[in-house]
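Visitor: Provided herewith: structure-v2.cif, mmCIF, C-alpha atoms.
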```cif
data_work
loop_
_atom_site.group_PDB
_atom_site.id
_atom_site.type_symbol
_atom_site.label_atom_id
_atom_site.label_comp_id
_atom_site.auth_asym_id
_atom_site.auth_seq_id
_atom_site.Cartn_x
_atom_site.Cartn_y
_atom_site.Cartn_z
ATOM 1 C CA MET A 267 -184.760 96.792 176.207
ATOM 2 C CA PRO A 268 -188.032 98.457 177.226
ATOM 3 C CA TYR A 269 -190.556 99.165 174.488
ATOM 4 C CA ILE A 270 -190.905 102.788 175.644
ATOM 5 C CA PRO A 271 -188.264 105.180 177.042
ATOM 6 C CA LEU A 272 -187.905 104.662 180.795
ATOM 7 C CA ALA A 273 -185.438 105.975 183.371
ATOM 8 C CA GLU A 274 -182.436 103.655 183.098
ATOM 9 C CA ASN A 275 -181.813 103.704 186.850
ATOM 10 C CA LEU A 276 -185.370 102.477 187.632
ATOM 11 C CA PRO A 277 -185.895 98.921 186.369
ATOM 12 C CA GLY A 278 -189.038 96.828 186.605
ATOM 13 C CA ILE A 279 -192.208 98.416 187.893
ATOM 14 C CA THR A 280 -190.311 101.353 189.376
ATOM 15 C CA GLY A 281 -189.548 102.942 185.998
ATOM 16 C CA LEU A 282 -193.095 102.359 184.785
ATOM 17 C CA LEU A 283 -194.605 103.975 187.863
ATOM 18 C CA GLU A 284 -192.348 106.993 187.456
ATOM 19 C CA TYR A 285 -193.167 107.192 183.734
ATOM 20 C CA ARG A 286 -196.833 107.919 184.365
ATOM 21 C CA ILE A 287 -197.271 109.329 187.872
ATOM 22 C CA ASP A 288 -200.998 110.020 187.454
ATOM 23 C CA THR A 289 -201.856 106.364 186.820
ATOM 24 C CA ALA A 290 -199.245 105.163 189.300
ATOM 25 C CA LEU A 291 -200.746 106.954 192.290
ATOM 26 C CA PRO A 292 -204.055 105.058 192.529
ATOM 27 C CA ILE A 293 -202.445 101.658 192.053
ATOM 28 C CA ARG A 294 -199.722 102.538 194.568
ATOM 29 C CA GLN A 295 -202.435 103.574 197.042
ATOM 30 C CA LEU A 296 -204.296 100.305 196.505
ATOM 31 C CA THR A 297 -201.093 98.305 196.881
ATOM 32 C CA GLN A 298 -200.170 100.169 200.069
ATOM 33 C CA LEU A 299 -203.617 99.512 201.534
ATOM 34 C CA LEU A 300 -203.624 95.828 200.610
ATOM 35 C CA LEU A 301 -200.022 94.958 201.500
ATOM 36 C CA ARG A 302 -199.269 97.370 204.345
ATOM 37 C CA GLY A 303 -202.664 98.450 205.638
ATOM 38 C CA GLU A 304 -204.541 97.041 208.584
ATOM 39 C CA SER A 305 -205.214 93.322 208.139
ATOM 40 C CA THR A 306 -205.464 90.065 210.028
ATOM 41 C CA LEU A 307 -202.924 88.706 207.537
ATOM 42 C CA THR A 308 -199.344 89.674 208.292
ATOM 43 C CA GLU A 309 -197.381 91.803 205.865
ATOM 44 C CA GLY A 310 -195.217 88.743 205.199
ATOM 45 C CA GLU A 311 -198.266 86.628 204.359
ATOM 46 C CA ARG A 312 -199.539 89.269 201.974
ATOM 47 C CA GLU A 313 -196.116 89.448 200.302
ATOM 48 C CA LEU A 314 -196.295 85.652 199.898
ATOM 49 C CA ILE A 315 -199.541 86.088 197.953
ATOM 50 C CA ALA A 316 -197.825 88.650 195.683
ATOM 51 C CA THR A 317 -194.873 86.270 195.316
ATOM 52 C CA VAL A 318 -196.894 83.202 194.357
ATOM 53 C CA VAL A 319 -198.963 85.157 191.814
ATOM 54 C CA SER A 320 -195.898 86.795 190.254
ATOM 55 C CA HIS A 321 -194.131 83.431 190.114
ATOM 56 C CA GLY A 322 -197.150 81.829 188.445
ATOM 57 C CA ASN A 323 -197.205 84.642 185.888
ATOM 58 C CA GLU A 324 -193.477 84.118 185.268
ATOM 59 C CA CYS A 325 -192.720 87.773 185.987
ATOM 60 C CA ARG A 326 -189.090 87.578 187.068
ATOM 61 C CA PHE A 327 -188.879 91.164 188.348
ATOM 62 C CA CYS A 328 -191.991 90.995 190.553
ATOM 63 C CA THR A 329 -191.208 87.470 191.751
ATOM 64 C CA ALA A 330 -187.710 88.470 192.855
ATOM 65 C CA ALA A 331 -188.860 91.755 194.432
ATOM 66 C CA HIS A 332 -191.691 90.243 196.459
ATOM 67 C CA THR A 333 -189.726 87.131 197.393
ATOM 68 C CA ALA A 334 -187.102 89.467 198.851
ATOM 69 C CA ALA A 335 -189.743 91.490 200.723
ATOM 70 C CA ALA A 336 -191.414 88.315 202.047
ATOM 71 C CA ASP A 337 -188.050 86.884 203.157
ATOM 72 C CA ILE A 338 -187.207 90.089 205.033
ATOM 73 C CA LEU A 339 -190.634 90.331 206.673
ATOM 74 C CA LEU A 340 -190.668 86.641 207.625
ATOM 75 C CA GLY A 341 -187.038 86.702 208.800
ATOM 76 C CA GLU A 342 -186.068 83.640 206.739
ATOM 77 C CA LYS A 343 -185.796 82.433 203.133
ATOM 78 C CA GLU A 344 -187.363 78.963 203.143
ATOM 79 C CA THR A 345 -191.063 79.864 203.164
ATOM 80 C CA ALA A 346 -191.208 81.950 199.992
ATOM 81 C CA GLU A 347 -189.216 79.354 198.058
ATOM 82 C CA LYS A 348 -191.511 76.555 199.247
ATOM 83 C CA VAL A 349 -194.629 78.588 198.485
ATOM 84 C CA LYS A 350 -193.400 79.092 194.909
ATOM 85 C CA HIS A 351 -192.196 75.551 194.225
ATOM 86 C CA ASP A 352 -193.970 73.200 196.644
ATOM 87 C CA PRO A 353 -196.928 75.031 198.204
ATOM 88 C CA ASP A 354 -198.476 71.884 199.691
ATOM 89 C CA HIS A 355 -195.404 71.425 201.878
ATOM 90 C CA ALA A 356 -194.664 75.064 202.589
ATOM 91 C CA PRO A 357 -194.243 75.972 206.266
ATOM 92 C CA VAL A 358 -197.445 78.027 206.397
ATOM 93 C CA SER A 359 -200.778 77.492 208.137
ATOM 94 C CA LYS A 360 -203.675 75.573 206.573
ATOM 95 C CA LYS A 361 -205.424 78.907 206.218
ATOM 96 C CA MET A 362 -202.507 80.357 204.227
ATOM 97 C CA LYS A 363 -202.310 77.247 202.053
ATOM 98 C CA ALA A 364 -206.008 77.658 201.236
ATOM 99 C CA LEU A 365 -205.595 81.379 200.512
ATOM 100 C CA LEU A 366 -202.540 80.726 198.352
ATOM 101 C CA ALA A 367 -204.531 78.138 196.375
ATOM 102 C CA ILE A 368 -207.160 80.804 195.734
ATOM 103 C CA ALA A 369 -204.454 83.284 194.698
ATOM 104 C CA ARG A 370 -202.938 80.761 192.276
ATOM 105 C CA ALA A 371 -206.371 80.117 190.763
ATOM 106 C CA VAL A 372 -207.079 83.837 190.329
ATOM 107 C CA GLN A 373 -203.616 84.349 188.814
ATOM 108 C CA VAL A 374 -204.621 82.064 185.931
ATOM 109 C CA ASN A 375 -208.261 83.141 185.623
ATOM 110 C CA GLY A 376 -210.680 84.495 188.215
ATOM 111 C CA LYS A 377 -213.209 81.891 187.158
ATOM 112 C CA ASN A 378 -210.818 79.169 188.344
ATOM 113 C CA THR A 379 -211.757 79.989 191.924
ATOM 114 C CA THR A 380 -214.292 77.405 193.058
ATOM 115 C CA PRO A 381 -216.862 77.230 195.842
ATOM 116 C CA GLU A 382 -214.825 74.334 197.259
ATOM 117 C CA MET A 383 -211.761 76.564 197.553
ATOM 118 C CA ILE A 384 -213.774 79.163 199.441
ATOM 119 C CA THR A 385 -215.254 76.498 201.727
ATOM 120 C CA GLU A 386 -211.785 75.101 202.394
ATOM 121 C CA ALA A 387 -210.456 78.577 203.221
ATOM 122 C CA HIS A 388 -213.379 79.232 205.580
ATOM 123 C CA SER A 389 -212.877 75.809 207.206
ATOM 124 C CA ALA A 390 -209.215 76.655 207.760
ATOM 125 C CA GLY A 391 -210.196 79.879 209.543
ATOM 126 C CA ALA A 392 -210.048 82.473 206.734
ATOM 127 C CA THR A 393 -212.462 85.365 207.040
ATOM 128 C CA ASP A 394 -214.471 86.788 204.178
ATOM 129 C CA LEU A 395 -212.227 89.867 204.257
ATOM 130 C CA GLU A 396 -209.071 87.737 204.008
ATOM 131 C CA ILE A 397 -210.547 85.878 201.027
ATOM 132 C CA HIS A 398 -211.577 89.179 199.429
ATOM 133 C CA ASP A 399 -208.141 90.701 199.933
ATOM 134 C CA THR A 400 -206.390 87.562 198.639
ATOM 135 C CA VAL A 401 -208.393 87.726 195.405
ATOM 136 C CA LEU A 402 -207.748 91.461 195.066
ATOM 137 C CA ILE A 403 -203.998 91.079 195.734
ATOM 138 C CA ALA A 404 -203.848 88.272 193.160
ATOM 139 C CA ALA A 405 -205.705 90.380 190.593
ATOM 140 C CA LEU A 406 -203.562 93.452 191.323
ATOM 141 C CA PHE A 407 -200.304 91.562 190.992
ATOM 142 C CA SER A 408 -201.482 89.955 187.777
ATOM 143 C CA LEU A 409 -201.946 93.531 186.518
ATOM 144 C CA TYR A 410 -198.466 94.498 187.704
ATOM 145 C CA ASN A 411 -196.911 91.385 186.148
ATOM 146 C CA ARG A 412 -198.523 92.084 182.800
ATOM 147 C CA TYR A 413 -197.544 95.768 183.045
ATOM 148 C CA VAL A 414 -193.869 94.968 183.703
ATOM 149 C CA ASP A 415 -193.583 92.248 181.070
ATOM 150 C CA GLY A 416 -195.926 93.870 178.537
ATOM 151 C CA LEU A 417 -193.599 96.867 178.237
ATOM 152 C CA ALA A 418 -190.415 94.742 178.480
ATOM 153 C CA SER A 419 -189.211 96.583 181.569
ATOM 154 C CA VAL A 420 -185.604 95.974 182.572
ATOM 155 C CA THR A 421 -185.140 93.049 184.968
ATOM 156 C CA PRO A 422 -181.862 93.132 186.918
ATOM 157 C CA THR A 423 -180.078 89.830 187.430
ATOM 158 C CA ASP A 424 -178.053 90.839 190.503
ATOM 159 C CA PRO A 425 -179.754 89.377 193.619
ATOM 160 C CA SER A 426 -178.400 92.235 195.765
ATOM 161 C CA PHE A 427 -180.638 94.643 193.791
ATOM 162 C CA TYR A 428 -183.718 92.754 195.012
ATOM 163 C CA ASP A 429 -182.405 92.607 198.563
ATOM 164 C CA ARG A 430 -182.137 96.418 198.531
ATOM 165 C CA LEU A 431 -185.586 96.720 196.938
ATOM 166 C CA GLY A 432 -187.030 94.297 199.511
ATOM 167 C CA TYR A 433 -185.852 96.556 202.329
ATOM 168 C CA ILE A 434 -187.324 99.610 200.590
ATOM 169 C CA LEU A 435 -190.684 97.810 200.317
ATOM 170 C CA LYS A 436 -190.502 96.713 203.956
ATOM 171 C CA ASP A 437 -189.401 100.066 205.363
ATOM 172 C CA ARG A 438 -191.187 102.529 203.074
ATOM 173 C CA GLY A 439 -194.084 100.542 201.658
ATOM 174 C CA TYR A 440 -195.506 101.336 198.260
ATOM 175 C CA MET A 441 -196.189 105.061 198.274
ATOM 176 C CA PRO A 442 -193.885 107.529 196.508
ATOM 177 C CA SER A 443 -191.433 109.510 198.601
ATOM 178 C CA PRO A 444 -188.439 111.772 197.891
ATOM 179 C CA GLY A 445 -185.307 109.746 197.282
ATOM 180 C CA ARG A 446 -187.313 106.519 197.470
ATOM 181 C CA TYR A 447 -185.080 104.585 195.080
ATOM 182 C CA SER A 448 -181.748 106.216 195.872
ATOM 183 C CA GLY A 449 -180.459 102.998 197.434
ATOM 184 C CA LEU A 450 -181.125 100.859 194.377
ATOM 185 C CA SER A 451 -178.280 102.018 192.155
ATOM 186 C CA LYS A 452 -175.477 101.069 194.546
#
```
Is it possible to express this structure as structure tokens?
Guide:
Amino acid sequence: MPYIPLAENLPGITGLLEYRIDTALPIRQLTQLLLRGESTLTEGERELIATVVSHGNECRFCTAAHTAAADILLGEKETAEKVKHDPDHAPVSKKMKALLAIARAVQVNGKNTTPEMITEAHSAGATDLEIHDTVLIAALFSLYNRYVDGLASVTPTDPSFYDRLGYILKDRGYMPSPGRYSGLSK
């Protein structure tokens, strides 16, 4: 049961974002820019960063939502599961493995990122912008994870809910729109 009154039909972050539209807008804009904006990282790769951070923070809602989005964008379900549970053997590039290691470090504490991690990411072909955006995505999703769990937002257990949400995130991104969540309550 959420600690504050939220719309019952909008679980997880969705209800929280609707609860306070004025604070939601800037973080939605940042999320849209980072996860759907122009980048040399694919949308699927950026969703993997959100997934691994949310998984590390044990935020069930965000982990399930971004795993679903990553699976849809990547066109398969193996990669996100491997990234969460066995990142060293995940079917991603050396560059992505290095960026995911940075994201996992930031998820715990920004000071856990080391010069060696940055050197490894550069050696694997990561640009400064990709490293920057990885750290910012990791920090942003740590905020989201703490927001969702800190207010005890509802976390659905039905996997089909997250499949529907994954398609909304893929097709509509992160900005508000009329009827945005109409497909969630099916």
Visitor: At a cut-off of 10 Å, using only C-alpha atoms, what residues contact Glu396 of chain A? Leave out same-chain residues fewer than 4 positions from it and give the result as an MDAnalysis selection string.
Guide: chainID A and resid 305:307 312 361:362 365 387:388 391:392 400:402
Visitor: Apply the PyMOL selection byres ((chain A and resi 329-335) around 7) to the structure shown and report the selected residues as an NGL selection string.
Guide: :A and (313 or 316-317 or 320-321 or 325-328 or 336-339 or 346 or 428-429 or 431-433 or 435-436)
Visitor: Quick check, in Å to one decimal: how far apart do atom CA of Val318 of chain A and atom CA of Ala367 of chain A lie?
Guide: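 Computed distance, atom CA of Val318 of chain A to atom CA of Ala367 of chain A, equals 9.4 Å.
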Visitor: For the provided coordinates, the residues matched by the PyMOL selection byres ((chain A and resi 369) around 10) should be stated as an MDAnalysis selection string.
Guide: chainID A and resid 314:316 318:319 322 363:368 370:376 378:379 397 399:405 407
Visitor: Using Å and a single decimal, report how far atom CA of Glu274 of chain A sits from atom CA of Tyr413 of chain A.
Guide: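 It comes out at 17.0 Å.
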Visitor: Quick one: pull the distance between atom CA of Leu395 of chain A and atom CA of Arg438 of chain A, Å, one decimal.
Guide: 24.6 Å
Visitor: Using the chain letters and numbering of this document, enumerate as a ChimeraX atom specification the residues selected by the PyMOL selection byres ((chain A and resi 275-281) around 9).
Guide: /A:272-274,282-286,327-328,410-411,413-415,418-422,447,450-451
Visitor: What lies within 12 Å of Gly303 of chain A using all atoms listed in the file, ignoring chain neighbours under 5 positions off, as a list of chain:residue names?
Guide: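 Listing them by chain and then by number gives A:Gln295, A:Leu296, A:Thr297, A:Gln298, A:Thr308, A:Glu309, A:Arg312, A:Asp399, A:Gly439, A:Tyr440, A:Met441.
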Visitor: Distance cut-off 10 Å, centre (-193.1, 74.8, 208.0) in file coordinates, counting all atoms listed in the file: which residues qualify? Return them as a list in words.
Guide: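 So the residues meeting the distance criterion are Glu344, Thr345, Lys348, His355, Ala356, Pro357, Val358 and Ser359 of chain A.
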